[in-house]
$ cat work.tsv   # TSV, C-alpha atoms
chain	number	residue	atom	x	y	z
A	1	VAL	CA	68.09	-16.59	-15.62
A	2	ALA	CA	70.67	-14.66	-17.65
A	3	GLY	CA	68.75	-15.42	-20.85
A	4	THR	CA	65.55	-14.12	-19.30
A	5	VAL	CA	67.26	-10.93	-18.13
A	6	GLY	CA	68.62	-10.40	-21.66
A	7	VAL	CA	65.19	-10.96	-23.20
A	8	LEU	CA	63.67	-8.48	-20.74
A	9	VAL	CA	66.31	-5.87	-21.57
A	10	GLY	CA	65.48	-6.28	-25.26
A	11	ALA	CA	61.72	-6.26	-24.75
A	12	VAL	CA	61.23	-3.70	-22.00
A	13	GLY	CA	64.26	-1.56	-22.76
A	14	PHE	CA	63.89	-1.39	-26.53
A	15	ALA	CA	60.66	-2.90	-27.95
A	16	ALA	CA	58.49	-0.86	-25.59
A	17	ARG	CA	60.17	2.29	-26.94
A	18	GLY	CA	59.69	1.27	-30.56
A	19	GLN	CA	63.31	0.32	-31.20
A	20	LEU	CA	62.24	-2.93	-32.76
A	21	LEU	CA	65.49	-3.86	-34.53
A	22	VAL	CA	67.64	-3.66	-31.39
A	23	ALA	CA	64.90	-5.45	-29.45
A	24	LEU	CA	64.65	-8.19	-32.04
A	25	VAL	CA	68.41	-8.81	-32.06
A	26	LEU	CA	68.63	-8.94	-28.25
A	27	VAL	CA	65.58	-11.15	-27.85
A	28	VAL	CA	66.76	-13.58	-30.55
A	29	VAL	CA	70.27	-13.87	-29.09
A	30	PHE	CA	69.09	-14.37	-25.53
A	31	ALA	CA	66.15	-16.61	-26.47
A	32	LEU	CA	68.54	-18.87	-28.38
A	33	THR	CA	70.77	-19.20	-25.33
A	34	ASP	CA	67.65	-20.01	-23.33
A	35	PHE	CA	66.65	-22.75	-25.78
A	36	LEU	CA	70.11	-24.28	-25.58
A	37	ASP	CA	70.68	-24.23	-21.82
A	38	GLY	CA	68.38	-27.15	-21.00
A	39	THR	CA	69.84	-29.26	-23.79
A	40	MET	CA	73.37	-28.50	-22.64
A	41	ALA	CA	72.52	-29.34	-19.03
A	42	ARG	CA	71.06	-32.69	-20.06
A	43	MET	CA	74.08	-33.48	-22.26
A	44	LYS	CA	76.43	-32.72	-19.36
A	45	GLY	CA	74.29	-34.76	-16.97
A	46	GLY	CA	73.66	-31.69	-14.84
A	47	SER	CA	69.93	-31.25	-15.30
A	48	THR	CA	67.82	-31.20	-12.15
A	49	ARG	CA	64.14	-30.98	-11.39
A	50	PHE	CA	64.70	-27.54	-9.90
A	51	GLY	CA	66.56	-26.48	-13.05
A	52	ALA	CA	63.63	-27.59	-15.20
A	53	PHE	CA	61.22	-25.74	-12.91
A	54	LEU	CA	63.35	-22.58	-12.97
A	55	ASP	CA	63.72	-22.73	-16.76
A	56	SER	CA	59.96	-23.00	-17.29
A	57	SER	CA	59.32	-20.20	-14.82
A	58	MET	CA	61.83	-17.91	-16.52
A	59	ASP	CA	60.24	-18.70	-19.90
A	60	ARG	CA	56.92	-17.38	-18.59
A	61	VAL	CA	58.61	-14.19	-17.31
A	62	ALA	CA	60.36	-13.66	-20.66
A	63	ASP	CA	57.14	-14.21	-22.62
A	64	ALA	CA	55.30	-11.73	-20.39
A	65	GLY	CA	58.06	-9.19	-21.00
A	66	ILE	CA	57.94	-9.68	-24.76
A	67	PHE	CA	54.18	-9.52	-25.26
A	68	GLY	CA	53.63	-6.90	-22.55
A	69	SER	CA	56.24	-4.65	-24.16
A	70	ILE	CA	54.74	-5.13	-27.61
A	71	ALA	CA	51.29	-4.29	-26.23
A	72	TYR	CA	52.70	-1.13	-24.65
A	73	TYR	CA	54.49	-0.14	-27.86
A	74	LEU	CA	51.36	-0.65	-29.96
A	75	ALA	CA	49.35	1.40	-27.45
A	76	THR	CA	51.84	4.27	-27.83
A	77	GLU	CA	51.37	4.00	-31.60
A	78	ASP	CA	47.59	4.27	-31.03
A	79	ASP	CA	47.11	0.78	-32.48
A	80	ARG	CA	44.49	-0.38	-30.02
A	81	TRP	CA	43.54	-3.52	-31.95
A	82	GLY	CA	47.18	-4.52	-32.25
A	83	MET	CA	47.53	-3.97	-28.51
A	84	VAL	CA	44.50	-6.19	-27.90
A	85	ALA	CA	46.09	-8.90	-30.06
A	86	ALA	CA	49.36	-8.65	-28.10
A	87	LEU	CA	47.47	-8.94	-24.81
A	88	LEU	CA	45.57	-11.97	-26.11
A	89	CYS	CA	48.89	-13.55	-27.13
A	90	LEU	CA	50.22	-12.84	-23.65
A	91	GLY	CA	47.24	-14.41	-21.89
A	92	VAL	CA	46.64	-17.37	-24.17
A	93	GLY	CA	50.37	-18.10	-24.39
A	94	GLN	CA	50.46	-18.44	-20.62
A	95	ILE	CA	47.45	-20.78	-20.80
A	96	VAL	CA	49.17	-22.93	-23.45
A	97	SER	CA	52.07	-23.43	-21.06
A	98	TYR	CA	49.84	-23.90	-18.01
A	99	VAL	CA	47.75	-26.63	-19.65
A	100	LYS	CA	50.90	-28.61	-20.44
A	101	ALA	CA	52.32	-28.14	-16.94
A	102	ARG	CA	49.04	-29.11	-15.29
A	103	ALA	CA	48.70	-32.23	-17.45
A	104	GLU	CA	52.24	-33.29	-16.65
A	105	GLY	CA	51.59	-32.62	-12.97
A	106	LEU	CA	48.73	-35.10	-13.21
A	107	GLY	CA	50.99	-37.70	-14.83
A	108	MET	CA	49.84	-37.23	-18.41
A	109	THR	CA	51.66	-36.05	-21.53
A	110	CYS	CA	50.80	-32.91	-23.43
A	111	ASN	CA	53.39	-32.34	-26.16
A	112	VAL	CA	50.87	-31.34	-28.82
A	113	GLY	CA	49.79	-28.13	-30.47
A	114	ILE	CA	50.56	-25.97	-33.47
A	115	ALA	CA	51.70	-22.89	-31.52
A	116	GLU	CA	54.19	-23.94	-28.87
A	117	ARG	CA	56.72	-21.46	-27.47
A	118	PRO	CA	59.25	-21.56	-30.34
A	119	GLU	CA	56.48	-20.99	-32.89
A	120	ARG	CA	55.05	-18.14	-30.82
A	121	LEU	CA	58.42	-16.39	-30.58
A	122	LEU	CA	59.18	-16.98	-34.26
A	123	SER	CA	55.80	-15.57	-35.31
A	124	VAL	CA	56.18	-12.36	-33.34
A	125	GLY	CA	59.79	-12.05	-34.53
A	126	VAL	CA	58.81	-12.32	-38.19
A	127	GLY	CA	56.00	-9.82	-37.66
A	128	GLY	CA	58.43	-7.43	-36.00
A	129	LEU	CA	61.01	-7.87	-38.76
A	130	LEU	CA	58.45	-7.19	-41.49
A	131	THR	CA	57.31	-4.10	-39.59
A	132	ILE	CA	60.92	-2.89	-39.40
A	133	ILE	CA	61.25	-3.10	-43.19
A	134	GLY	CA	58.12	-1.01	-43.69
A	135	LEU	CA	55.07	-3.29	-43.52
A	136	GLU	CA	53.40	-1.56	-40.59
A	137	TRP	CA	50.48	-3.98	-40.59
A	138	ALA	CA	52.74	-7.06	-40.25
A	139	LEU	CA	53.23	-7.07	-36.47
A	140	PRO	CA	49.53	-6.69	-35.61
A	141	ALA	CA	48.63	-9.25	-38.28
A	142	ALA	CA	51.19	-11.72	-36.90
A	143	LEU	CA	49.80	-11.16	-33.41
A	144	TRP	CA	46.20	-11.84	-34.49
A	145	ILE	CA	47.25	-15.00	-36.33
A	146	LEU	CA	49.28	-16.08	-33.32
A	147	ALA	CA	46.39	-15.41	-30.94
A	148	GLY	CA	44.14	-17.63	-33.06
A	149	LEU	CA	46.74	-20.40	-33.33
A	150	SER	CA	47.34	-20.23	-29.58
A	151	VAL	CA	43.63	-20.68	-28.87
A	152	ILE	CA	43.65	-23.69	-31.20
A	153	THR	CA	46.69	-25.05	-29.34
A	154	VAL	CA	44.87	-24.78	-26.01
A	155	GLY	CA	41.99	-26.74	-27.54
A	156	GLN	CA	44.35	-29.36	-28.95
A	157	ARG	CA	46.01	-29.81	-25.59
A	158	ILE	CA	42.75	-30.05	-23.69
A	159	ALA	CA	41.45	-32.63	-26.18
A	160	HIS	CA	44.70	-34.61	-25.88
A	161	VAL	CA	44.51	-34.67	-22.09
A	162	TYR	CA	40.80	-35.55	-22.21
A	163	LYS	CA	41.56	-38.61	-24.34
A	164	GLN	CA	44.24	-39.72	-21.90
A	165	ALA	CA	41.93	-39.19	-18.93
A	166	GLN	CA	39.22	-41.29	-20.59
A	167	ALA	CA	41.51	-44.21	-21.38
A	168	PRO	CA	41.06	-47.20	-19.08
A	169	THR	CA	43.85	-47.63	-16.56
A	170	ASN	CA	45.48	-50.94	-15.76
A	171	VAL	CA	45.35	-51.46	-12.03
$ encode --input "work.tsv" --output "structure tokens"
Amino acid sequence: VAGTVGVLVGAVGFAARGQLLVALVLVVVFALTDFLDGTMARMKGGSTRFGAFLDSSMDRVADAGIFGSIAYYLATEDDRWGMVAALLCLGVGQIVSYVKARAEGLGMTCNVGIAERPERLLSVGVGGLLTIIGLEWALPAALWILAGLSVITVGQRIAHVYKQAQAPTNV
């Protein structure tokens, strides 16, 4: 929860206002703590089903904050197509996560895809960093690439689950 709050402070408090460097530093620091918390809990033997549920839920909140804030920032910069790309990343990123959760809820696996959460965050971070150093087109370009890769990931996951669903079961 603390990691999510930190990511939201970085995204909503700074990225939405165009302070991309401060936002990037805060999001990276708090996203890293978020990536490590589940691993640490498992290593200590303290992981629970509720903890896993809460972690996944907070990841969705953090992602919404990041991509929603970027969309808002790009809208204030009158970059409508960049804003559209950010909104697509927001929506399709949620679908990527939902497809995995739904498959696992049905007893199947779904750990496939070229644009999982770490790749999505890294892509937008690199785009933001390149924009900070003067390549104004980099963030929108990264978002469009990410949107396309996320759509491909949804397709990969659906195909993976379809194959599992078609496999004969041993009763």
$ residues_around --input "work.tsv" --residues "region 91-99 of chain A" --least-positions-apart "5" --cutoff "7 Å" --atoms "all atoms listed in the file" --output "VMD selection string"
chain A and resid 60 150 to 151 153 to 154 157
$ closest_residue --input "work.tsv" --among "A:Gln156, A:Thr4, A:Thr76, A:Thr131" --to "Gly113 (chain A)" --atoms "only C-alpha atoms"
A:Gln156
$ closest_residue --input "work.tsv" --among "A:Tyr162, A:Ser123, A:Gln19, A:Asn111" --to "Ile145 (chain A)" --atoms "only C-alpha atoms"
A:Ser123
$ closest_residue --input "work.tsv" --among "A:Leu149, A:Thr39, A:Thr109, A:Glu136" --to "Ala52 (chain A)" --atoms "all atoms listed in the file"
A:Thr39
$ residues_near_point --input "work.tsv" --point "(45.8, -4.1, -26.0)" --cutoff "12 Å" --atoms "only C-alpha atoms" --output "ChimeraX atom specification"
/A:67-91,140,143-144
$ closest_residue --input "work.tsv" --among "A:Val161, A:Ala167, A:Met40, A:Val22" --to "Met108 (chain A)" --atoms "only C-alpha atoms"
A:Val161
